[in-house]
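Novice: Input final-v8.tsv, format and content: TSV, C-alpha atoms.
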```
chain	number	residue	atom	x	y	z
A	29	MET	CA	60.22	62.39	8.74
A	30	LYS	CA	58.90	63.96	5.53
A	31	TRP	CA	56.02	62.54	3.54
A	32	LYS	CA	55.33	62.82	-0.17
A	33	LYS	CA	51.79	63.96	-0.86
A	34	PHE	CA	50.22	62.96	-4.18
A	35	THR	CA	47.00	64.67	-5.25
A	36	LEU	CA	44.81	63.38	-8.07
A	37	LYS	CA	42.52	65.89	-9.75
A	38	THR	CA	39.44	64.01	-10.91
A	39	THR	CA	35.63	64.22	-10.95
A	40	THR	CA	33.26	63.94	-7.99
A	41	GLN	CA	31.46	61.03	-9.68
A	42	ALA	CA	34.73	59.07	-9.82
A	43	VAL	CA	35.73	59.57	-6.17
A	44	ASP	CA	34.21	56.37	-4.80
A	45	LEU	CA	35.76	54.20	-7.52
A	46	VAL	CA	39.14	55.92	-7.16
A	47	SER	CA	39.06	55.51	-3.38
A	48	SER	CA	38.25	51.82	-3.70
A	49	MET	CA	41.08	51.35	-6.21
A	50	PHE	CA	43.55	53.08	-3.87
A	51	ASP	CA	42.46	50.77	-1.07
A	52	GLU	CA	43.00	47.67	-3.23
A	53	ILE	CA	46.51	48.86	-4.06
A	54	GLY	CA	47.25	49.15	-0.35
A	55	ILE	CA	47.19	52.92	0.07
A	56	GLU	CA	46.06	53.55	3.64
A	57	GLY	CA	44.28	56.81	4.37
A	58	ILE	CA	43.14	59.30	1.76
A	59	GLU	CA	41.96	62.90	1.80
A	60	ILE	CA	39.05	64.06	-0.38
A	61	GLU	CA	38.33	67.69	-1.20
A	62	ASP	CA	35.28	68.84	-3.15
A	63	ASN	CA	32.58	71.51	-3.13
A	64	ILE	CA	29.55	69.24	-2.82
A	65	PRO	CA	27.16	70.86	-0.30
A	66	LEU	CA	26.14	68.83	2.73
A	67	THR	CA	22.66	67.36	2.57
A	68	ALA	CA	20.06	68.31	5.18
A	69	GLU	CA	20.40	64.84	6.71
A	70	GLU	CA	24.20	65.12	6.90
A	71	THR	CA	23.94	68.54	8.50
A	72	LYS	CA	21.46	67.26	11.06
A	73	GLY	CA	23.64	64.28	11.90
A	74	MET	CA	26.71	66.42	12.41
A	75	PHE	CA	24.89	69.10	14.46
A	76	ILE	CA	26.58	71.89	12.50
A	77	ASP	CA	25.55	75.40	13.52
A	78	ILE	CA	27.50	77.31	10.87
A	79	LEU	CA	27.92	75.79	7.44
A	80	PRO	CA	31.04	76.73	5.46
A	81	GLU	CA	30.47	78.89	2.41
A	82	LEU	CA	31.61	76.82	-0.57
A	83	PRO	CA	32.22	77.94	-4.14
A	84	PRO	CA	29.95	76.41	-6.82
A	85	ASP	CA	30.27	72.66	-7.25
A	86	GLU	CA	31.78	72.15	-10.71
A	87	GLY	CA	32.10	68.40	-10.37
A	88	VAL	CA	35.83	68.56	-9.58
A	89	ALA	CA	37.40	66.62	-6.71
A	90	PHE	CA	40.92	66.21	-5.35
A	91	VAL	CA	41.93	62.86	-3.84
A	92	SER	CA	45.24	62.87	-1.96
A	93	PHE	CA	47.37	60.11	-0.45
A	94	TYR	CA	50.70	60.06	1.38
A	95	LEU	CA	53.82	57.92	0.92
A	96	ASP	CA	57.15	57.90	2.75
A	97	ASP	CA	60.62	57.05	1.52
A	98	SER	CA	60.47	53.54	2.95
A	99	GLN	CA	57.72	52.64	0.48
A	100	ASP	CA	58.09	51.69	-3.16
A	101	VAL	CA	56.90	55.08	-4.38
A	102	ALA	CA	57.59	54.45	-8.08
A	103	GLY	CA	55.91	51.04	-7.95
A	104	ILE	CA	52.82	52.37	-6.18
A	105	LEU	CA	52.48	55.27	-8.63
A	106	GLU	CA	52.75	52.81	-11.53
A	107	ARG	CA	49.92	50.74	-10.03
A	108	VAL	CA	47.86	53.92	-9.53
A	109	GLU	CA	48.25	54.74	-13.24
A	110	GLU	CA	47.25	51.20	-14.20
A	111	GLY	CA	44.21	51.44	-11.95
A	112	LEU	CA	43.21	54.79	-13.42
A	113	ASN	CA	43.54	53.34	-16.93
A	114	ASP	CA	41.13	50.56	-15.96
A	115	LEU	CA	38.66	52.98	-14.35
A	116	SER	CA	38.70	55.29	-17.38
A	117	MET	CA	36.74	52.66	-19.29
A	118	PHE	CA	33.86	52.90	-16.81
A	119	THR	CA	33.76	56.49	-15.56
A	120	ASP	CA	34.82	60.03	-16.38
A	121	LEU	CA	38.08	60.71	-14.52
A	122	GLY	CA	38.22	64.34	-15.64
A	123	GLU	CA	41.65	65.99	-15.82
A	124	ARG	CA	43.34	62.99	-14.16
A	125	THR	CA	46.53	64.83	-13.28
A	126	ILE	CA	48.65	63.92	-10.25
A	127	THR	CA	50.68	66.60	-8.47
A	128	GLU	CA	53.38	65.93	-5.91
A	129	SER	CA	54.27	67.95	-2.82
A	130	GLU	CA	56.08	67.35	0.46
A	131	THR	CA	54.79	67.64	4.01
A	132	GLU	CA	56.45	67.17	7.39
A	133	ASP	CA	55.37	64.53	9.86
A	134	LYS	CA	53.99	66.46	12.84
A	135	ASP	CA	52.73	65.36	16.21
A	136	TRP	CA	49.17	66.51	15.53
A	137	ILE	CA	47.89	65.07	18.82
A	138	ASN	CA	50.14	67.36	20.87
A	139	ASN	CA	50.85	70.23	18.45
A	140	TRP	CA	47.92	72.30	19.81
A	141	LYS	CA	49.56	72.53	23.24
A	142	GLN	CA	51.70	75.47	22.20
A	143	TYR	CA	48.53	77.58	21.96
A	144	PHE	CA	46.96	76.59	25.31
A	145	LYS	CA	48.19	79.02	27.97
A	146	PRO	CA	46.91	79.85	31.48
A	147	PHE	CA	43.89	82.17	31.51
A	148	THR	CA	41.26	83.34	33.97
A	149	VAL	CA	37.48	83.29	34.20
A	150	ASP	CA	36.87	85.96	36.84
A	151	ASP	CA	38.49	84.56	40.01
A	152	ILE	CA	39.19	81.12	38.53
A	153	LEU	CA	42.55	80.24	36.93
A	154	ILE	CA	42.46	77.53	34.26
A	155	LYS	CA	45.78	76.21	33.07
A	156	PRO	CA	47.22	73.18	31.28
A	157	THR	CA	49.03	70.71	33.49
A	158	TRP	CA	52.39	71.46	31.85
A	159	GLU	CA	52.33	75.23	32.59
A	160	GLU	CA	53.41	76.92	35.82
A	161	ILE	CA	50.98	79.06	37.85
A	162	PRO	CA	51.57	82.73	36.94
A	163	GLU	CA	52.66	84.70	40.01
A	164	GLU	CA	49.85	87.24	39.63
A	165	HIS	CA	47.20	84.49	39.71
A	166	LYS	CA	48.36	82.42	42.68
A	167	ASP	CA	45.41	83.61	44.79
A	168	LYS	CA	42.81	82.31	42.32
A	169	LEU	CA	40.90	79.03	42.37
A	170	LEU	CA	43.05	76.66	40.30
A	171	ILE	CA	41.70	74.21	37.75
A	172	GLN	CA	44.18	72.15	35.73
A	173	ILE	CA	42.99	70.72	32.43
A	174	ASP	CA	44.64	68.58	29.79
A	175	PRO	CA	41.90	67.70	27.29
A	176	GLY	CA	43.97	65.13	25.40
A	177	THR	CA	41.74	64.03	22.51
A	178	ALA	CA	38.53	65.01	24.33
A	179	PHE	CA	36.94	68.43	23.83
A	180	GLY	CA	37.25	71.21	26.37
A	181	THR	CA	40.07	73.49	27.51
A	182	GLY	CA	37.81	76.22	28.89
A	183	GLN	CA	39.05	78.87	26.50
A	184	HIS	CA	35.91	78.93	24.38
A	185	GLU	CA	33.28	81.57	25.20
A	186	THR	CA	30.58	78.94	25.75
A	187	THR	CA	32.62	77.10	28.39
A	188	GLN	CA	33.28	80.37	30.19
A	189	LEU	CA	29.57	81.21	30.12
A	190	CYS	CA	28.81	77.86	31.76
A	191	ILE	CA	31.53	78.32	34.37
A	192	ARG	CA	30.07	81.70	35.38
A	193	GLN	CA	26.62	80.14	35.76
A	194	LEU	CA	28.02	77.28	37.83
A	195	ARG	CA	29.64	79.86	40.10
A	196	LYS	CA	26.15	81.31	40.74
A	197	TYR	CA	24.27	78.10	41.46
A	198	VAL	CA	26.65	75.45	42.87
A	199	THR	CA	26.37	74.74	46.62
A	200	PRO	CA	28.01	72.11	48.86
A	201	GLU	CA	24.90	69.94	48.41
A	202	THR	CA	24.91	70.10	44.61
A	203	VAL	CA	24.58	66.84	42.71
A	204	LEU	CA	25.39	67.70	39.09
A	205	LEU	CA	24.66	66.08	35.73
A	206	ASP	CA	27.28	67.01	33.09
A	207	VAL	CA	26.05	66.11	29.60
A	208	GLY	CA	28.78	66.05	26.97
A	209	THR	CA	31.44	66.21	29.65
A	210	GLY	CA	34.45	66.08	27.29
A	211	SER	CA	37.59	66.84	29.31
A	212	GLY	CA	35.41	67.12	32.42
A	213	ILE	CA	36.16	70.82	32.81
A	214	LEU	CA	32.64	71.82	33.86
A	215	GLY	CA	32.16	68.95	36.29
A	216	ILE	CA	35.61	69.52	37.78
A	217	THR	CA	34.87	73.24	38.08
A	218	ALA	CA	31.66	72.40	39.93
A	219	LEU	CA	33.56	70.12	42.32
A	220	LYS	CA	36.19	72.81	42.88
A	221	LEU	CA	33.37	75.24	43.65
A	222	GLY	CA	32.15	72.83	46.33
A	223	ALA	CA	29.66	70.53	44.59
A	224	ASN	CA	29.06	67.14	46.16
A	225	THR	CA	29.17	64.73	43.18
A	226	VAL	CA	29.07	64.75	39.38
A	227	PHE	CA	27.68	62.27	36.87
A	228	GLY	CA	28.95	62.86	33.33
A	229	THR	CA	28.01	61.42	29.95
A	230	ASP	CA	29.75	61.71	26.61
A	231	LEU	CA	29.56	60.05	23.20
A	232	ASP	CA	33.36	59.89	23.00
A	233	GLU	CA	35.10	57.08	24.89
A	234	ASN	CA	38.18	59.34	25.18
A	235	ALA	CA	36.24	61.47	27.67
A	236	ILE	CA	36.47	58.70	30.27
A	237	THR	CA	40.27	58.73	30.14
A	238	ALA	CA	40.46	62.52	29.97
A	239	VAL	CA	38.22	63.01	33.00
A	240	GLY	CA	40.19	60.47	35.02
A	241	GLU	CA	43.49	62.19	34.24
A	242	ASN	CA	42.10	65.64	34.99
A	243	LEU	CA	40.60	64.53	38.29
A	244	GLU	CA	44.03	63.28	39.30
A	245	ALA	CA	45.68	66.53	38.16
A	246	ASN	CA	43.27	68.45	40.40
A	247	GLY	CA	43.60	66.16	43.40
A	248	ILE	CA	39.96	65.07	43.20
A	249	SER	CA	38.82	61.56	44.05
A	250	GLY	CA	37.35	59.54	41.21
A	251	GLU	CA	34.50	58.57	43.53
A	252	SER	CA	33.07	62.07	43.21
A	253	PHE	CA	32.88	62.06	39.38
A	254	THR	CA	31.35	59.17	37.43
A	255	VAL	CA	31.58	59.14	33.62
A	256	LEU	CA	29.56	56.97	31.26
A	257	GLN	CA	29.88	56.72	27.48
A	258	GLY	CA	26.55	57.04	25.70
A	259	ASN	CA	23.72	59.31	24.62
A	260	ILE	CA	21.31	60.37	27.34
A	261	ILE	CA	18.85	61.66	24.74
A	262	ASP	CA	17.81	58.25	23.43
A	263	ASP	CA	19.71	55.52	25.29
A	264	LYS	CA	17.53	54.06	28.05
A	265	ALA	CA	20.52	52.40	29.72
A	266	VAL	CA	22.28	55.76	30.03
A	267	GLN	CA	19.10	57.43	31.25
A	268	ASP	CA	18.61	54.77	33.92
A	269	ALA	CA	22.26	54.92	34.99
A	270	ALA	CA	22.01	58.69	35.39
A	271	GLY	CA	18.90	58.30	37.51
A	272	TYR	CA	15.72	60.31	37.85
A	273	GLU	CA	14.76	63.44	39.82
A	274	LYS	CA	18.13	63.41	41.61
A	275	TYR	CA	20.12	66.37	40.22
A	276	ASP	CA	20.23	69.92	41.53
A	277	ILE	CA	21.96	71.15	38.39
A	278	ALA	CA	22.39	69.82	34.86
A	279	VAL	CA	24.89	71.47	32.52
A	280	ALA	CA	25.34	70.97	28.77
A	281	ASN	CA	27.77	72.89	26.62
A	282	ILE	CA	27.15	71.30	23.24
A	283	LEU	CA	25.34	72.86	20.25
A	284	ALA	CA	21.98	74.52	19.85
A	285	ASP	CA	20.36	71.63	17.97
A	286	VAL	CA	21.42	69.20	20.69
A	287	ILE	CA	20.21	71.54	23.44
A	288	ILE	CA	16.81	71.66	21.73
A	289	MET	CA	16.59	67.85	21.99
A	290	LEU	CA	18.08	67.72	25.48
A	291	GLN	CA	15.56	70.10	27.01
A	292	ARG	CA	12.90	67.44	26.49
A	293	GLU	CA	14.90	64.76	28.36
A	294	ILE	CA	16.63	66.67	31.14
A	295	PRO	CA	13.55	67.51	33.29
A	296	VAL	CA	13.05	63.89	34.36
A	297	HIS	CA	16.56	63.83	35.80
A	298	LEU	CA	16.31	67.11	37.73
A	299	LYS	CA	14.78	67.66	41.14
A	300	LYS	CA	11.91	70.11	41.32
A	301	GLY	CA	13.47	73.56	41.19
A	302	GLY	CA	16.63	72.12	39.59
A	303	ILE	CA	18.71	74.30	37.29
A	304	PHE	CA	19.58	73.51	33.66
A	305	ILE	CA	22.60	75.50	32.39
A	306	THR	CA	23.12	75.36	28.62
A	307	SER	CA	25.53	76.86	26.14
A	308	GLY	CA	27.19	76.11	22.82
A	309	ILE	CA	24.47	78.30	21.34
A	310	ILE	CA	25.48	80.75	18.60
A	311	ASN	CA	23.43	83.95	18.49
A	312	MET	CA	21.64	83.03	15.24
A	313	LYS	CA	20.14	80.02	17.07
A	314	GLU	CA	18.92	81.98	20.09
A	315	GLU	CA	15.29	82.22	19.02
A	316	ALA	CA	15.07	78.51	18.19
A	317	VAL	CA	16.42	77.56	21.62
A	318	ARG	CA	14.17	80.05	23.40
A	319	ALA	CA	11.16	78.71	21.50
A	320	ALA	CA	12.00	75.12	22.49
A	321	PHE	CA	12.19	76.05	26.18
A	322	ALA	CA	9.01	78.15	25.93
A	323	ALA	CA	7.15	75.14	24.52
A	324	ASN	CA	8.32	72.93	27.38
A	325	ASP	CA	5.95	73.18	30.36
A	326	ALA	CA	8.62	71.64	32.63
A	327	PHE	CA	10.96	74.65	32.38
A	328	GLU	CA	11.01	78.38	32.89
A	329	VAL	CA	13.94	80.36	31.50
A	330	ILE	CA	15.44	82.45	34.27
A	331	GLU	CA	18.52	83.92	32.63
A	332	VAL	CA	20.22	84.43	29.27
A	333	THR	CA	23.84	85.60	29.26
A	334	TYR	CA	26.06	86.55	26.35
A	335	GLN	CA	29.74	86.55	25.41
A	336	GLY	CA	30.82	87.47	21.89
A	337	GLU	CA	28.62	85.66	19.37
A	338	TRP	CA	27.60	83.02	21.91
A	339	LEU	CA	25.02	82.76	24.66
A	340	SER	CA	23.96	80.65	27.60
A	341	VAL	CA	20.35	79.86	28.50
A	342	THR	CA	19.65	78.90	32.11
A	343	ALA	CA	16.27	77.40	33.02
A	344	ARG	CA	14.62	76.14	36.22
A	345	LYS	CA	12.43	73.05	36.48
A	346	LYS	CA	8.96	74.07	37.64
```
Can you present the structure in this file as structure tokens?
Specialist:
Amino acid sequence: MKWKKFTLKTTTQAVDLVSSMFDEIGIEGIEIEDNIPLTAEETKGMFIDILPELPPDEGVAFVSFYLDDSQDVAGILERVEEGLNDLSMFTDLGERTITESETEDKDWINNWKQYFKPFTVDDILIKPTWEEIPEEHKDKLLIQIDPGTAFGTGQHETTQLCIRQLRKYVTPETVLLDVGTGSGILGITALKLGANTVFGTDLDENAITAVGENLEANGISGESFTVLQGNIIDDKAVQDAAGYEKYDIAVANILADVIIMLQREIPVHLKKGGIFITSGIINMKEEAVRAAFAANDAFEVIEVTYQGEWLSVTARKK
């Protein structure tokens, strides 16, 4: 099915009023484009490591909405014009032109699958569930991952850095804490490497479903991998559920700013001598992460590894 895309060129100050008017008309879902820089608070809340470089903000915004042939396109556009006429008495709508284009209805949830192919991390083969095992990799340790709407296929450099560290430190006795588990790829890798049990946390409820499906795809019992939705940094219920001084290894592949906060919480969950493997750290954030660990008397950094523009910091609880 094809959709008609209508884009209104207006001013940034009018965006909220225009959006509200669209909603009253019954237009569901809009897209807003502008060059307003993110505030420091917004950046902190989104844990963005690399901000996009935007052109100067000239007060121009584009508000788009989509209609299909089953809708009364002419009637809706007439109501949009009436609404804009009303708003023009209260705010500057700028150019106020509407352009029309056409876009195809795509299966965005599954469209990415065409780019996810089997690949290796040293002697480990990671592949999507719908792909066959390549003949030349049949002797490798197999991990099957379908992230669904949760994050984590294993292709990113930071995930591979964590996998290599898990290979070094996991033993048959390992009890592992997987913070920001996503698809469960790191916890499942640990179990495939022989770990005993995994406890995972994630802010996204989709992670619970994704982990369950990926455990099944890998023939692993759900009893060995528990997943809880929530934030271990500041949620006492999640902290208590995870437990204290019980983990041999904690792993977190998130972002540098989150790692900096996590390194204050993780020690209470690790056994003495426990290992904390971190990644998601871009090279420009290396010094900030190192400084945070250096200021924490509970940890000593034992290894920093690199891949491309990314790095992994591994620390031991004293």
Novice: Of the candidates A:Lys220, A:Lys37, A:His165, A:His297, which one gets nearest to Leu112 (chain A) if we count all atoms listed in the file?
Specialist: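 Between A:Lys220, A:Lys37, A:His165, A:His297, the residue approaching Leu112 (chain A) most closely is A:Lys37.
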Novice: Considering all atoms listed in the file, state which residue in the set A:Glu110, A:Asp96, A:Glu337, A:Glu314 is at the smallest distance from Lys32 (chain A).
Specialist: A:Asp96
Novice: Please list, as a PyMOL selection string, the residues that have an atom at most 10 Å away from (13.4, 62.5, 32.1) in the coordinates of this file, counting only C-alpha atoms.
Specialist: chain A and resi 260-261+267-268+270-273+290-298
Novice: Counting all atoms listed in the file, what is within 10 Å of region 208-210 of chain A, bar same-chain residues fewer than 3 positions away, as number ranges by chain?
Specialist: A: 175-181, 205, 213-216, 227-239, 255-260, 279-282
Novice: Save the residues we just selected, C-alpha atoms, as a PDB file, in the frame of the given file?
Specialist:
```pdb
ATOM      1  CA  PRO A 175      41.900  67.700  27.290  1.00  0.00           C
ATOM      2  CA  GLY A 176      43.970  65.130  25.400  1.00  0.00           C
ATOM      3  CA  THR A 177      41.740  64.030  22.510  1.00  0.00           C
ATOM      4  CA  ALA A 178      38.530  65.010  24.330  1.00  0.00           C
ATOM      5  CA  PHE A 179      36.940  68.430  23.830  1.00  0.00           C
ATOM      6  CA  GLY A 180      37.250  71.210  26.370  1.00  0.00           C
ATOM      7  CA  THR A 181      40.070  73.490  27.510  1.00  0.00           C
ATOM      8  CA  LEU A 205      24.660  66.080  35.730  1.00  0.00           C
ATOM      9  CA  ILE A 213      36.160  70.820  32.810  1.00  0.00           C
ATOM     10  CA  LEU A 214      32.640  71.820  33.860  1.00  0.00           C
ATOM     11  CA  GLY A 215      32.160  68.950  36.290  1.00  0.00           C
ATOM     12  CA  ILE A 216      35.610  69.520  37.780  1.00  0.00           C
ATOM     13  CA  PHE A 227      27.680  62.270  36.870  1.00  0.00           C
ATOM     14  CA  GLY A 228      28.950  62.860  33.330  1.00  0.00           C
ATOM     15  CA  THR A 229      28.010  61.420  29.950  1.00  0.00           C
ATOM     16  CA  ASP A 230      29.750  61.710  26.610  1.00  0.00           C
ATOM     17  CA  LEU A 231      29.560  60.050  23.200  1.00  0.00           C
ATOM     18  CA  ASP A 232      33.360  59.890  23.000  1.00  0.00           C
ATOM     19  CA  GLU A 233      35.100  57.080  24.890  1.00  0.00           C
ATOM     20  CA  ASN A 234      38.180  59.340  25.180  1.00  0.00           C
ATOM     21  CA  ALA A 235      36.240  61.470  27.670  1.00  0.00           C
ATOM     22  CA  ILE A 236      36.470  58.700  30.270  1.00  0.00           C
ATOM     23  CA  THR A 237      40.270  58.730  30.140  1.00  0.00           C
ATOM     24  CA  ALA A 238      40.460  62.520  29.970  1.00  0.00           C
ATOM     25  CA  VAL A 239      38.220  63.010  33.000  1.00  0.00           C
ATOM     26  CA  VAL A 255      31.580  59.140  33.620  1.00  0.00           C
ATOM     27  CA  LEU A 256      29.560  56.970  31.260  1.00  0.00           C
ATOM     28  CA  GLN A 257      29.880  56.720  27.480  1.00  0.00           C
ATOM     29  CA  GLY A 258      26.550  57.040  25.700  1.00  0.00           C
ATOM     30  CA  ASN A 259      23.720  59.310  24.620  1.00  0.00           C
ATOM     31  CA  ILE A 260      21.310  60.370  27.340  1.00  0.00           C
ATOM     32  CA  VAL A 279      24.890  71.470  32.520  1.00  0.00           C
ATOM     33  CA  ALA A 280      25.340  70.970  28.770  1.00  0.00           C
ATOM     34  CA  ASN A 281      27.770  72.890  26.620  1.00  0.00           C
ATOM     35  CA  ILE A 282      27.150  71.300  23.240  1.00  0.00           C
TER      36      ILE A 282
END
```
Novice: What separation in Å, quoted to one decimal, exists between CA of Tyr334 (chain A) and CA of Ile309 (chain A)?
Specialist: 9.8 Å
Novice: Given only C-alpha atoms as the basis, pick out the residue of A:Thr119, A:Thr306, A:Gln172, A:Gln193 nearest to Ala284 (chain A).
Specialist: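 Once distances to Ala284 (chain A) are computed over only C-alpha atoms, the minimum belongs to A:Thr306.
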Novice: Which of these, A:Pro146, A:Gly111, A:Gly336, A:Gly54, has the shortest distance to Lys166 (chain A) once you count all atoms listed in the file?
Specialist: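 Nearest candidate to Lys166 (chain A) out of A:Pro146, A:Gly111, A:Gly336, A:Gly54: A:Pro146.
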Novice: So, counting only C-alpha atoms, which residue among A:Lys299, A:Arg318, A:Lys313, A:Lys155 is closest to Asn242 (chain A)?
Specialist: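 Selected residue with least distance to Asn242 (chain A): A:Lys155.
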